[in-house]
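> There's a structure below that I have some questions on.
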Amino acid sequence: MTKQALYFLFLLLGIGLQAQTARKYSNEFLNIGVNAAAFGMANAVTATTNDVYAGYWNPAGLTRIEDHEIALMHANYFANIANYDYLGSALKIDDESSLGIHVLRFGVDNILNTTQLIDDQGQIDYDRISLFSAADYAFTFSYAKNLPLEGFSFGVNAKVIHRIIGEFANSWGFGLDAGIQFQGKNGWEFGAMARDITTTYNTWSIDEDAYSQVQDAVEGQNQELPETTEITLPKLQLGVAKNFRIRYDWDIKAALDLQMRFAQTQDLIATEAVSVSPALGFQVGYLNLVYLRGGVGNFQNVEQLEGGSKVGFQPGFGLGFKYKGIHIDYAFTDIGDQSVALYSNVFSLKIDWRVFR
């Protein structure tokens, strides 16, 4: 059974790689991540994720929840211009399996629409300015089950994607993810997560009347309708982690993830076949009550204005507090502005429903 599950996982991954018209960066909002605890560890959690957030990071980890969990997260990006929100719920079905549902939104709201700023008489009329939003939504449904071989579990995601750009355009998409975890002896943990295993398709519907209003805004540009189909290439994440217990009150977790794209990108290791960016993270816990986290990831070869390139990376720092079934986490990413990404403050809340029983 275990061999069959592994075969199925990599067979689907191989099917996805056959896509020839895929874009490197389609649906990039799905690569940001969820959970301030994970952000604090630079997202190096593929092997260790074991709560409601596992529906995003590796659905195989959902088998390790003990009851019913719900989670909320909010973050601001680009100097508070964009809002990123998450709501998730996971439920233990029986001793062997779990279900999860998750909703993501990344959006920029209250964008000024100035396409009608000038009236028919050629005069500027500020009352003709309207507002619109550009937002990406993802709805994910997860299922996880323990495998007969001790320590192994697998999980799958079915996700529906909806993207809107005001009244100008909107799209719908569908994709599948699959993951597997293994809890070894002496604190070792391993995980693999394959995203968009059959490739994820987005089909756009464009309002041609609304689009015609901006076609002539810049002479010679935007003269033809954009492509209406996007295909997202598969990605693979491999993770390994080690847990250490120091006396009875301190524990330490160290983790390494390799995030792999099957295209040539600006990642630290980039070839025509695959590009790889490592992520390193750690967590120090005291009495299973207070947590300190740190990590570094998103290693990119960043082109410089004066020529050449340098390696950019994204450090992170986080704090967590747990009391009974209530978990509150905070993360601050891109400390020192070492990467092209702007810093972000991330807050998340997780509740184990047993606390109310």
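Residue numbering restarts at 1 for every chain of the structure tokens, chains are lettered A, B, ... in their displayed order, and ligands are numbered from 1 as they appear.
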So which residues of segment 15-83 of chain A fall under helix (DSSP H, G or I) by DSSP, listed as a PyMOL selection string?

chain A and resi 15-16+28-31+36-40+54-57+59-64

> I want to know what sits within 10 Å of Lys322 of chain A, based on only C-alpha atoms, with residues of the same chain fewer than 6 positions away left out; could you give that as an mmCIF file with all heavy atoms, in the first residue's frame?


```cif
data_model
loop_
_atom_site.group_PDB
_atom_site.id
_atom_site.type_symbol
_atom_site.label_atom_id
_atom_site.label_comp_id
_atom_site.auth_asym_id
_atom_site.auth_seq_id
_atom_site.Cartn_x
_atom_site.Cartn_y
_atom_site.Cartn_z
ATOM 1 N N LEU A 287 8.784 24.525 28.121
ATOM 2 C CA LEU A 287 7.634 23.977 28.827
ATOM 3 C C LEU A 287 6.400 23.845 27.937
ATOM 4 O O LEU A 287 5.263 23.887 28.399
ATOM 5 C CB LEU A 287 7.281 24.842 30.040
ATOM 6 C CG LEU A 287 8.301 24.843 31.184
ATOM 7 C CD1 LEU A 287 7.872 25.808 32.270
ATOM 8 C CD2 LEU A 287 8.444 23.429 31.746
ATOM 9 N N ASN A 288 6.630 23.694 26.630
ATOM 10 C CA ASN A 288 5.508 23.590 25.684
ATOM 11 C C ASN A 288 4.543 24.759 25.855
ATOM 12 O O ASN A 288 3.330 24.628 25.672
ATOM 13 C CB ASN A 288 4.761 22.271 25.881
ATOM 14 C CG ASN A 288 3.939 21.886 24.662
ATOM 15 O OD1 ASN A 288 4.266 22.273 23.533
ATOM 16 N ND2 ASN A 288 2.860 21.152 24.878
ATOM 17 N N LEU A 289 5.112 25.930 26.177
ATOM 18 C CA LEU A 289 4.311 27.111 26.476
ATOM 19 C C LEU A 289 4.736 28.330 25.664
ATOM 20 O O LEU A 289 3.901 29.032 25.091
ATOM 21 C CB LEU A 289 4.417 27.431 27.975
ATOM 22 C CG LEU A 289 3.649 28.641 28.497
ATOM 23 C CD1 LEU A 289 2.151 28.382 28.422
ATOM 24 C CD2 LEU A 289 4.070 28.968 29.935
ATOM 25 N N VAL A 290 6.052 28.587 25.583
ATOM 26 C CA VAL A 290 6.593 29.743 24.878
ATOM 27 C C VAL A 290 7.585 29.257 23.830
ATOM 28 O O VAL A 290 8.375 28.332 24.096
ATOM 29 C CB VAL A 290 7.281 30.724 25.852
ATOM 30 C CG1 VAL A 290 7.829 31.927 25.105
ATOM 31 C CG2 VAL A 290 6.303 31.171 26.931
ATOM 32 N N TYR A 291 7.574 29.891 22.648
ATOM 33 C CA TYR A 291 8.418 29.438 21.548
ATOM 34 C C TYR A 291 9.161 30.617 20.921
ATOM 35 O O TYR A 291 8.604 31.706 20.751
ATOM 36 C CB TYR A 291 7.574 28.754 20.465
ATOM 37 C CG TYR A 291 6.809 27.556 20.962
ATOM 38 C CD1 TYR A 291 5.515 27.701 21.455
ATOM 39 C CD2 TYR A 291 7.383 26.288 20.943
ATOM 40 C CE1 TYR A 291 4.805 26.604 21.918
ATOM 41 C CE2 TYR A 291 6.680 25.190 21.399
ATOM 42 C CZ TYR A 291 5.396 25.348 21.885
ATOM 43 O OH TYR A 291 4.701 24.266 22.347
ATOM 44 N N ILE A 328 -1.145 31.487 19.917
ATOM 45 C CA ILE A 328 -0.989 32.800 19.298
ATOM 46 C C ILE A 328 0.451 32.910 18.805
ATOM 47 O O ILE A 328 1.397 32.695 19.572
ATOM 48 C CB ILE A 328 -1.305 33.931 20.283
ATOM 49 C CG1 ILE A 328 -2.750 33.814 20.783
ATOM 50 C CG2 ILE A 328 -1.079 35.295 19.623
ATOM 51 C CD1 ILE A 328 -3.091 34.824 21.864
ATOM 52 N N ASP A 329 0.621 33.248 17.523
ATOM 53 C CA ASP A 329 1.958 33.315 16.937
ATOM 54 C C ASP A 329 2.150 34.621 16.181
ATOM 55 O O ASP A 329 1.194 35.194 15.624
ATOM 56 C CB ASP A 329 2.186 32.142 15.986
ATOM 57 C CG ASP A 329 2.189 30.807 16.704
ATOM 58 O OD1 ASP A 329 3.108 30.560 17.492
ATOM 59 O OD2 ASP A 329 1.234 30.023 16.488
ATOM 60 N N LYS A 350 -4.609 29.959 16.477
ATOM 61 C CA LYS A 350 -5.101 28.591 16.312
ATOM 62 C C LYS A 350 -5.810 28.174 17.595
ATOM 63 O O LYS A 350 -5.315 28.440 18.700
ATOM 64 C CB LYS A 350 -3.958 27.625 16.004
ATOM 65 C CG LYS A 350 -4.413 26.192 15.759
ATOM 66 C CD LYS A 350 -3.240 25.279 15.474
ATOM 67 C CE LYS A 350 -2.426 25.010 16.724
ATOM 68 N NZ LYS A 350 -1.349 24.025 16.508
ATOM 69 N N ILE A 351 -6.946 27.527 17.439
ATOM 70 C CA ILE A 351 -7.720 27.072 18.591
ATOM 71 C C ILE A 351 -8.006 25.582 18.447
ATOM 72 O O ILE A 351 -8.539 25.142 17.428
ATOM 73 C CB ILE A 351 -9.045 27.844 18.719
ATOM 74 C CG1 ILE A 351 -8.776 29.335 18.911
ATOM 75 C CG2 ILE A 351 -9.872 27.293 19.877
ATOM 76 C CD1 ILE A 351 -10.026 30.186 18.918
#
```

> Which residues are near Leu236 of chain A? Cut-off 7 Å, only C-alpha atoms, ignore same chain within fewer than 4 positions. Put them as a list of chain:residue names.

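These residues fall inside the cut-off: A:Met193, A:Ala194, A:Arg195, A:Gln259, A:Met260, A:Arg261.
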
> Residues of the last selection are to be written out with all heavy atoms, as a PDB file, in the first residue's frame.


```
ATOM      1  N   MET A 193       6.110  17.192  -0.415  1.00  0.00           N
ATOM      2  CA  MET A 193       4.863  17.820  -0.834  1.00  0.00           C
ATOM      3  C   MET A 193       4.966  18.200  -2.301  1.00  0.00           C
ATOM      4  O   MET A 193       5.862  18.954  -2.699  1.00  0.00           O
ATOM      5  CB  MET A 193       4.601  19.068   0.006  1.00  0.00           C
ATOM      6  CG  MET A 193       3.417  19.909  -0.435  1.00  0.00           C
ATOM      7  SD  MET A 193       1.849  19.036  -0.339  1.00  0.00           S
ATOM      8  CE  MET A 193       0.719  20.441  -0.500  1.00  0.00           C
ATOM      9  N   ALA A 194       4.086  17.648  -3.126  1.00  0.00           N
ATOM     10  CA  ALA A 194       4.042  17.957  -4.557  1.00  0.00           C
ATOM     11  C   ALA A 194       2.827  18.829  -4.822  1.00  0.00           C
ATOM     12  O   ALA A 194       1.692  18.414  -4.575  1.00  0.00           O
ATOM     13  CB  ALA A 194       3.965  16.670  -5.375  1.00  0.00           C
ATOM     14  N   ARG A 195       3.066  20.037  -5.291  1.00  0.00           N
ATOM     15  CA  ARG A 195       1.977  20.979  -5.568  1.00  0.00           C
ATOM     16  C   ARG A 195       1.639  20.990  -7.057  1.00  0.00           C
ATOM     17  O   ARG A 195       2.519  20.842  -7.899  1.00  0.00           O
ATOM     18  CB  ARG A 195       2.373  22.396  -5.126  1.00  0.00           C
ATOM     19  CG  ARG A 195       2.668  22.507  -3.633  1.00  0.00           C
ATOM     20  CD  ARG A 195       2.978  23.947  -3.241  1.00  0.00           C
ATOM     21  NE  ARG A 195       3.318  24.048  -1.818  1.00  0.00           N
ATOM     22  CZ  ARG A 195       2.418  24.160  -0.854  1.00  0.00           C
ATOM     23  NH1 ARG A 195       1.132  24.195  -1.158  1.00  0.00           N
ATOM     24  NH2 ARG A 195       2.793  24.228   0.408  1.00  0.00           N
ATOM     25  N   GLN A 259      12.964  23.635  -1.802  1.00  0.00           N
ATOM     26  CA  GLN A 259      11.812  24.012  -2.606  1.00  0.00           C
ATOM     27  C   GLN A 259      12.229  23.987  -4.069  1.00  0.00           C
ATOM     28  O   GLN A 259      13.101  24.742  -4.489  1.00  0.00           O
ATOM     29  CB  GLN A 259      11.306  25.388  -2.179  1.00  0.00           C
ATOM     30  CG  GLN A 259      10.914  25.426  -0.709  1.00  0.00           C
ATOM     31  CD  GLN A 259      10.600  26.818  -0.208  1.00  0.00           C
ATOM     32  OE1 GLN A 259      10.524  27.771  -0.981  1.00  0.00           O
ATOM     33  NE2 GLN A 259      10.420  26.958   1.105  1.00  0.00           N
ATOM     34  N   MET A 260      11.566  23.144  -4.847  1.00  0.00           N
ATOM     35  CA  MET A 260      12.003  22.852  -6.204  1.00  0.00           C
ATOM     36  C   MET A 260      10.932  23.234  -7.220  1.00  0.00           C
ATOM     37  O   MET A 260       9.760  22.899  -7.063  1.00  0.00           O
ATOM     38  CB  MET A 260      12.327  21.351  -6.319  1.00  0.00           C
ATOM     39  CG  MET A 260      13.306  20.865  -5.258  1.00  0.00           C
ATOM     40  SD  MET A 260      13.411  19.059  -5.133  1.00  0.00           S
ATOM     41  CE  MET A 260      14.153  18.678  -6.721  1.00  0.00           C
ATOM     42  N   ARG A 261      11.362  23.949  -8.265  1.00  0.00           N
ATOM     43  CA  ARG A 261      10.510  24.272  -9.409  1.00  0.00           C
ATOM     44  C   ARG A 261      11.098  23.603 -10.645  1.00  0.00           C
ATOM     45  O   ARG A 261      12.319  23.589 -10.830  1.00  0.00           O
ATOM     46  CB  ARG A 261      10.441  25.788  -9.646  1.00  0.00           C
ATOM     47  CG  ARG A 261       9.824  26.604  -8.522  1.00  0.00           C
ATOM     48  CD  ARG A 261       9.973  28.074  -8.851  1.00  0.00           C
ATOM     49  NE  ARG A 261       9.510  28.958  -7.799  1.00  0.00           N
ATOM     50  CZ  ARG A 261       8.340  29.604  -7.818  1.00  0.00           C
ATOM     51  NH1 ARG A 261       7.527  29.454  -8.847  1.00  0.00           N
ATOM     52  NH2 ARG A 261       7.995  30.398  -6.833  1.00  0.00           N
TER      53      ARG A 261
END
```

> Find the residues near Asn186 of chain A: any atom within 12 Å, counting only C-alpha atoms, skip ones fewer than 4 places away on the same chain, and give them as number ranges by chain.

A: 241-245

> Write to file, as a PDB file, in the first residue's frame, the residues of the selection just made, with N, CA, C and O atoms.


```
ATOM      1  N   ALA A 241      13.670  17.072   9.367  1.00  0.00           N
ATOM      2  CA  ALA A 241      13.761  17.806  10.622  1.00  0.00           C
ATOM      3  C   ALA A 241      14.213  16.873  11.728  1.00  0.00           C
ATOM      4  O   ALA A 241      14.040  15.655  11.658  1.00  0.00           O
ATOM      5  N   LYS A 242      14.815  17.454  12.774  1.00  0.00           N
ATOM      6  CA  LYS A 242      15.275  16.696  13.933  1.00  0.00           C
ATOM      7  C   LYS A 242      14.807  17.426  15.194  1.00  0.00           C
ATOM      8  O   LYS A 242      14.973  18.640  15.319  1.00  0.00           O
ATOM      9  N   ASN A 243      14.205  16.670  16.101  1.00  0.00           N
ATOM     10  CA  ASN A 243      13.735  17.215  17.366  1.00  0.00           C
ATOM     11  C   ASN A 243      14.664  16.778  18.497  1.00  0.00           C
ATOM     12  O   ASN A 243      15.043  15.601  18.579  1.00  0.00           O
ATOM     13  N   PHE A 244      15.012  17.725  19.355  1.00  0.00           N
ATOM     14  CA  PHE A 244      15.895  17.445  20.492  1.00  0.00           C
ATOM     15  C   PHE A 244      15.174  17.820  21.785  1.00  0.00           C
ATOM     16  O   PHE A 244      14.548  18.881  21.867  1.00  0.00           O
ATOM     17  N   ARG A 245      15.269  16.963  22.774  1.00  0.00           N
ATOM     18  CA  ARG A 245      14.732  17.253  24.099  1.00  0.00           C
ATOM     19  C   ARG A 245      15.890  17.528  25.050  1.00  0.00           C
ATOM     20  O   ARG A 245      16.808  16.713  25.185  1.00  0.00           O
TER      21      ARG A 245
END
```

> Measure the distance from atom CA of Pro278 of chain A to atom CA of Arg105 of chain A in Å and round it to one decimal.

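Result for atom CA of Pro278 of chain A versus atom CA of Arg105 of chain A: 26.1 Å, one decimal.
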
> Excluding Thr48 of chain A and any residue of its chain fewer than 3 positions from it, enumerate the residues within 12 Å of it, using only C-alpha atoms, and give them as a PDB file with N, CA, C and O atoms, in the first residue's frame.


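The resulting file, selection_31.pdb, is shown below:
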```
ATOM      1  N   ALA A  37       3.864  30.835  12.703  1.00  0.00           N
ATOM      2  CA  ALA A  37       4.906  29.928  13.198  1.00  0.00           C
ATOM      3  C   ALA A  37       5.775  29.424  12.059  1.00  0.00           C
ATOM      4  O   ALA A  37       7.001  29.311  12.184  1.00  0.00           O
ATOM      5  N   ALA A  38       5.157  29.113  10.906  1.00  0.00           N
ATOM      6  CA  ALA A  38       5.927  28.662   9.745  1.00  0.00           C
ATOM      7  C   ALA A  38       6.759  29.797   9.164  1.00  0.00           C
ATOM      8  O   ALA A  38       7.920  29.606   8.791  1.00  0.00           O
ATOM      9  N   MET A  41       9.986  30.291  10.853  1.00  0.00           N
ATOM     10  CA  MET A  41      10.982  29.271  10.521  1.00  0.00           C
ATOM     11  C   MET A  41      11.326  29.269   9.037  1.00  0.00           C
ATOM     12  O   MET A  41      11.836  28.277   8.512  1.00  0.00           O
ATOM     13  N   ASN A  43       9.477  28.979   6.555  1.00  0.00           N
ATOM     14  CA  ASN A  43       8.624  28.018   5.854  1.00  0.00           C
ATOM     15  C   ASN A  43       9.252  26.629   5.727  1.00  0.00           C
ATOM     16  O   ASN A  43       8.837  25.831   4.872  1.00  0.00           O
ATOM     17  N   ALA A  44      10.212  26.309   6.570  1.00  0.00           N
ATOM     18  CA  ALA A  44      10.843  24.984   6.532  1.00  0.00           C
ATOM     19  C   ALA A  44      10.054  24.026   7.421  1.00  0.00           C
ATOM     20  O   ALA A  44      10.518  23.606   8.494  1.00  0.00           O
ATOM     21  N   VAL A  45       8.841  23.676   6.985  1.00  0.00           N
ATOM     22  CA  VAL A  45       7.938  22.897   7.833  1.00  0.00           C
ATOM     23  C   VAL A  45       7.322  21.696   7.121  1.00  0.00           C
ATOM     24  O   VAL A  45       6.398  21.079   7.640  1.00  0.00           O
ATOM     25  N   ASP A  51      -0.768  20.222  12.243  1.00  0.00           N
ATOM     26  CA  ASP A  51      -2.003  20.790  12.766  1.00  0.00           C
ATOM     27  C   ASP A  51      -2.876  21.231  11.600  1.00  0.00           C
ATOM     28  O   ASP A  51      -2.676  20.798  10.459  1.00  0.00           O
ATOM     29  N   TYR A  53      -2.904  23.828   9.886  1.00  0.00           N
ATOM     30  CA  TYR A  53      -2.143  24.450   8.800  1.00  0.00           C
ATOM     31  C   TYR A  53      -1.512  23.426   7.857  1.00  0.00           C
ATOM     32  O   TYR A  53      -1.074  23.783   6.762  1.00  0.00           O
ATOM     33  N   ALA A  54      -1.461  22.169   8.275  1.00  0.00           N
ATOM     34  CA  ALA A  54      -0.891  21.137   7.415  1.00  0.00           C
ATOM     35  C   ALA A  54      -1.661  21.010   6.106  1.00  0.00           C
ATOM     36  O   ALA A  54      -1.108  20.564   5.100  1.00  0.00           O
ATOM     37  N   TRP A  57       0.598  23.177   4.041  1.00  0.00           N
ATOM     38  CA  TRP A  57       2.015  22.839   3.919  1.00  0.00           C
ATOM     39  C   TRP A  57       2.250  21.400   3.478  1.00  0.00           C
ATOM     40  O   TRP A  57       3.148  21.129   2.685  1.00  0.00           O
ATOM     41  N   ASN A  58       1.489  20.479   4.022  1.00  0.00           N
ATOM     42  CA  ASN A  58       1.604  19.066   3.659  1.00  0.00           C
ATOM     43  C   ASN A  58       0.404  18.351   4.265  1.00  0.00           C
ATOM     44  O   ASN A  58       0.389  18.072   5.467  1.00  0.00           O
ATOM     45  N   PRO A  59      -0.627  18.049   3.473  1.00  0.00           N
ATOM     46  CA  PRO A  59      -1.861  17.487   4.036  1.00  0.00           C
ATOM     47  C   PRO A  59      -1.657  16.185   4.797  1.00  0.00           C
ATOM     48  O   PRO A  59      -2.507  15.814   5.611  1.00  0.00           O
ATOM     49  N   ALA A  60      -0.548  15.493   4.562  1.00  0.00           N
ATOM     50  CA  ALA A  60      -0.282  14.268   5.313  1.00  0.00           C
ATOM     51  C   ALA A  60      -0.218  14.532   6.808  1.00  0.00           C
ATOM     52  O   ALA A  60      -0.556  13.661   7.627  1.00  0.00           O
ATOM     53  N   GLY A  61       0.179  15.737   7.208  1.00  0.00           N
ATOM     54  CA  GLY A  61       0.300  16.081   8.619  1.00  0.00           C
ATOM     55  C   GLY A  61      -1.032  16.229   9.337  1.00  0.00           C
ATOM     56  O   GLY A  61      -1.066  16.277  10.570  1.00  0.00           O
ATOM     57  N   LEU A  62      -2.132  16.282   8.609  1.00  0.00           N
ATOM     58  CA  LEU A  62      -3.440  16.409   9.244  1.00  0.00           C
ATOM     59  C   LEU A  62      -3.793  15.185  10.086  1.00  0.00           C
ATOM     60  O   LEU A  62      -4.639  15.278  10.987  1.00  0.00           O
ATOM     61  N   ARG A  64      -2.197  13.993  12.326  1.00  0.00           N
ATOM     62  CA  ARG A  64      -1.631  14.144  13.666  1.00  0.00           C
ATOM     63  C   ARG A  64      -2.418  15.092  14.564  1.00  0.00           C
ATOM     64  O   ARG A  64      -2.056  15.307  15.705  1.00  0.00           O
ATOM     65  N   ILE A 180       3.320  13.408   1.606  1.00  0.00           N
ATOM     66  CA  ILE A 180       3.577  12.236   2.428  1.00  0.00           C
ATOM     67  C   ILE A 180       4.533  12.631   3.557  1.00  0.00           C
ATOM     68  O   ILE A 180       5.374  13.526   3.381  1.00  0.00           O
ATOM     69  N   GLN A 181       4.370  12.011   4.704  1.00  0.00           N
ATOM     70  CA  GLN A 181       5.249  12.245   5.848  1.00  0.00           C
ATOM     71  C   GLN A 181       5.658  10.918   6.464  1.00  0.00           C
ATOM     72  O   GLN A 181       4.937   9.925   6.366  1.00  0.00           O
ATOM     73  N   PHE A 182       6.831  10.959   7.109  1.00  0.00           N
ATOM     74  CA  PHE A 182       7.314   9.799   7.852  1.00  0.00           C
ATOM     75  C   PHE A 182       7.907  10.284   9.169  1.00  0.00           C
ATOM     76  O   PHE A 182       8.784  11.147   9.194  1.00  0.00           O
ATOM     77  N   GLN A 183       7.406   9.737  10.272  1.00  0.00           N
ATOM     78  CA  GLN A 183       7.944  10.032  11.594  1.00  0.00           C
ATOM     79  C   GLN A 183       8.884   8.901  11.989  1.00  0.00           C
ATOM     80  O   GLN A 183       8.436   7.790  12.278  1.00  0.00           O
ATOM     81  N   GLY A 184      10.169   9.190  11.964  1.00  0.00           N
ATOM     82  CA  GLY A 184      11.165   8.177  12.267  1.00  0.00           C
ATOM     83  C   GLY A 184      11.482   8.109  13.756  1.00  0.00           C
ATOM     84  O   GLY A 184      10.822   8.713  14.596  1.00  0.00           O
ATOM     85  N   GLY A 187      13.500  11.235  17.024  1.00  0.00           N
ATOM     86  CA  GLY A 187      13.145  12.604  16.718  1.00  0.00           C
ATOM     87  C   GLY A 187      13.266  13.020  15.275  1.00  0.00           C
ATOM     88  O   GLY A 187      13.060  14.192  14.953  1.00  0.00           O
ATOM     89  N   TRP A 188      13.567  12.098  14.368  1.00  0.00           N
ATOM     90  CA  TRP A 188      13.702  12.443  12.953  1.00  0.00           C
ATOM     91  C   TRP A 188      12.329  12.462  12.284  1.00  0.00           C
ATOM     92  O   TRP A 188      11.481  11.617  12.540  1.00  0.00           O
ATOM     93  N   GLU A 189      12.133  13.431  11.378  1.00  0.00           N
ATOM     94  CA  GLU A 189      10.906  13.540  10.605  1.00  0.00           C
ATOM     95  C   GLU A 189      11.255  13.873   9.159  1.00  0.00           C
ATOM     96  O   GLU A 189      12.195  14.632   8.887  1.00  0.00           O
ATOM     97  N   PHE A 190      10.467  13.309   8.227  1.00  0.00           N
ATOM     98  CA  PHE A 190      10.707  13.522   6.800  1.00  0.00           C
ATOM     99  C   PHE A 190       9.378  13.829   6.111  1.00  0.00           C
ATOM    100  O   PHE A 190       8.321  13.344   6.532  1.00  0.00           O
ATOM    101  N   GLY A 191       9.430  14.635   5.059  1.00  0.00           N
ATOM    102  CA  GLY A 191       8.205  14.958   4.343  1.00  0.00           C
ATOM    103  C   GLY A 191       8.470  15.331   2.900  1.00  0.00           C
ATOM    104  O   GLY A 191       9.566  15.780   2.540  1.00  0.00           O
ATOM    105  N   ALA A 192       7.455  15.121   2.055  1.00  0.00           N
ATOM    106  CA  ALA A 192       7.500  15.537   0.652  1.00  0.00           C
ATOM    107  C   ALA A 192       6.128  16.064   0.275  1.00  0.00           C
ATOM    108  O   ALA A 192       5.102  15.476   0.642  1.00  0.00           O
ATOM    109  N   MET A 193       6.110  17.192  -0.415  1.00  0.00           N
ATOM    110  CA  MET A 193       4.863  17.820  -0.834  1.00  0.00           C
ATOM    111  C   MET A 193       4.966  18.200  -2.301  1.00  0.00           C
ATOM    112  O   MET A 193       5.862  18.954  -2.699  1.00  0.00           O
ATOM    113  N   LEU A 238      10.810  19.105  -0.424  1.00  0.00           N
ATOM    114  CA  LEU A 238      11.336  18.002   0.374  1.00  0.00           C
ATOM    115  C   LEU A 238      11.807  18.555   1.703  1.00  0.00           C
ATOM    116  O   LEU A 238      12.452  19.611   1.753  1.00  0.00           O
ATOM    117  N   GLY A 239      11.476  17.860   2.784  1.00  0.00           N
ATOM    118  CA  GLY A 239      11.846  18.365   4.093  1.00  0.00           C
ATOM    119  C   GLY A 239      12.364  17.298   5.022  1.00  0.00           C
ATOM    120  O   GLY A 239      11.963  16.128   4.944  1.00  0.00           O
ATOM    121  N   VAL A 240      13.267  17.699   5.910  1.00  0.00           N
ATOM    122  CA  VAL A 240      13.785  16.825   6.952  1.00  0.00           C
ATOM    123  C   VAL A 240      13.951  17.661   8.216  1.00  0.00           C
ATOM    124  O   VAL A 240      14.296  18.846   8.135  1.00  0.00           O
ATOM    125  N   ALA A 241      13.670  17.072   9.367  1.00  0.00           N
ATOM    126  CA  ALA A 241      13.761  17.806  10.622  1.00  0.00           C
ATOM    127  C   ALA A 241      14.213  16.873  11.728  1.00  0.00           C
ATOM    128  O   ALA A 241      14.040  15.655  11.658  1.00  0.00           O
ATOM    129  N   LYS A 242      14.815  17.454  12.774  1.00  0.00           N
ATOM    130  CA  LYS A 242      15.275  16.696  13.933  1.00  0.00           C
ATOM    131  C   LYS A 242      14.807  17.426  15.194  1.00  0.00           C
ATOM    132  O   LYS A 242      14.973  18.640  15.319  1.00  0.00           O
ATOM    133  N   ASN A 243      14.205  16.670  16.101  1.00  0.00           N
ATOM    134  CA  ASN A 243      13.735  17.215  17.366  1.00  0.00           C
ATOM    135  C   ASN A 243      14.664  16.778  18.497  1.00  0.00           C
ATOM    136  O   ASN A 243      15.043  15.601  18.579  1.00  0.00           O
ATOM    137  N   LYS A 253      13.841  22.240  17.755  1.00  0.00           N
ATOM    138  CA  LYS A 253      13.537  21.643  16.461  1.00  0.00           C
ATOM    139  C   LYS A 253      14.362  22.344  15.394  1.00  0.00           C
ATOM    140  O   LYS A 253      14.391  23.579  15.320  1.00  0.00           O
ATOM    141  N   ALA A 254      15.061  21.573  14.574  1.00  0.00           N
ATOM    142  CA  ALA A 254      15.823  22.117  13.446  1.00  0.00           C
ATOM    143  C   ALA A 254      15.302  21.485  12.171  1.00  0.00           C
ATOM    144  O   ALA A 254      15.066  20.278  12.122  1.00  0.00           O
ATOM    145  N   ALA A 255      15.120  22.306  11.119  1.00  0.00           N
ATOM    146  CA  ALA A 255      14.491  21.802   9.895  1.00  0.00           C
ATOM    147  C   ALA A 255      15.175  22.356   8.653  1.00  0.00           C
ATOM    148  O   ALA A 255      15.672  23.492   8.644  1.00  0.00           O
ATOM    149  N   LEU A 256      15.185  21.549   7.606  1.00  0.00           N
ATOM    150  CA  LEU A 256      15.705  21.934   6.294  1.00  0.00           C
ATOM    151  C   LEU A 256      14.687  21.555   5.236  1.00  0.00           C
ATOM    152  O   LEU A 256      14.198  20.421   5.216  1.00  0.00           O
ATOM    153  N   ASP A 257      14.342  22.511   4.370  1.00  0.00           N
ATOM    154  CA  ASP A 257      13.465  22.250   3.227  1.00  0.00           C
ATOM    155  C   ASP A 257      14.197  22.592   1.938  1.00  0.00           C
ATOM    156  O   ASP A 257      15.008  23.529   1.900  1.00  0.00           O
ATOM    157  N   GLY A 281      15.289  26.428   9.210  1.00  0.00           N
ATOM    158  CA  GLY A 281      14.532  27.002  10.304  1.00  0.00           C
ATOM    159  C   GLY A 281      14.781  26.276  11.617  1.00  0.00           C
ATOM    160  O   GLY A 281      15.216  25.125  11.625  1.00  0.00           O
ATOM    161  N   PHE A 282      14.510  26.982  12.730  1.00  0.00           N
ATOM    162  CA  PHE A 282      14.636  26.342  14.039  1.00  0.00           C
ATOM    163  C   PHE A 282      13.535  26.864  14.956  1.00  0.00           C
ATOM    164  O   PHE A 282      12.964  27.948  14.744  1.00  0.00           O
ATOM    165  N   GLN A 283      13.244  26.092  15.973  1.00  0.00           N
ATOM    166  CA  GLN A 283      12.289  26.495  17.006  1.00  0.00           C
ATOM    167  C   GLN A 283      12.783  26.021  18.359  1.00  0.00           C
ATOM    168  O   GLN A 283      13.168  24.859  18.511  1.00  0.00           O
TER     169      GLN A 283
END
```

> Go through A:Glu167, A:Glu96, A:Asp119, A:Asp177 and flag the residue nearest Glu150 of chain A, using only C-alpha atoms for the distances.

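Answer, going by the shortest atom-to-atom distance: A:Glu96.
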
> How would you write, as a PyMOL selection string, the set of residues in segment 179-355 of chain A that DSSP gives as strand (DSSP E)?

chain A and resi 179-183+188-195+200-206+229-232+235-246+250-261+269-270+275-286+290-303+309-323+326-333+344-352

> Could you check which of A:Val284, A:Leu349, A:Ala42, A:Ile197 is closest to His74 of chain A, using only C-alpha atoms?

A:Leu349

> Let me make sure I understand: among A:Ile65, A:Gly88, A:Thr115, A:Asn202, which one has the smallest atom-to-atom distance to Ala144 of chain A if we use only C-alpha atoms?

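Counting only C-alpha atoms, the residue closest to Ala144 of chain A is A:Ile65.
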
> Separation of atom CA of Thr49 of chain A and atom CA of Phe78 of chain A, in Å?

27.5 Å

> Rounded to one decimal, what separation in Å do you get between atom CA of Tyr143 of chain A and atom CA of Ala158 of chain A?

8.9 Å

> Which residue gives the smallest distance to Glu303 of chain A among A:Glu66, A:Glu227, A:Asp267, A:Glu272, with only C-alpha atoms counted?

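Looking only at the distances to Glu303 of chain A, the closest residue turns out to be A:Asp267.
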
> Neighbouring residues of Val274 of chain A were defined as those with any atom within 12 Å, considering only C-alpha atoms; residues of the same chain fewer than 4 positions away were excluded. Please report them as a list in words.

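Contacts, in chain order: Leu17, Lys24, Leu233, Pro234, Lys235, Leu236, Leu258, Gln259, Met260, Arg261, Phe262, Ala263, Gln264, Thr265, Gln266, Asp267, Leu268, Ile269 and Ala270 of chain A.
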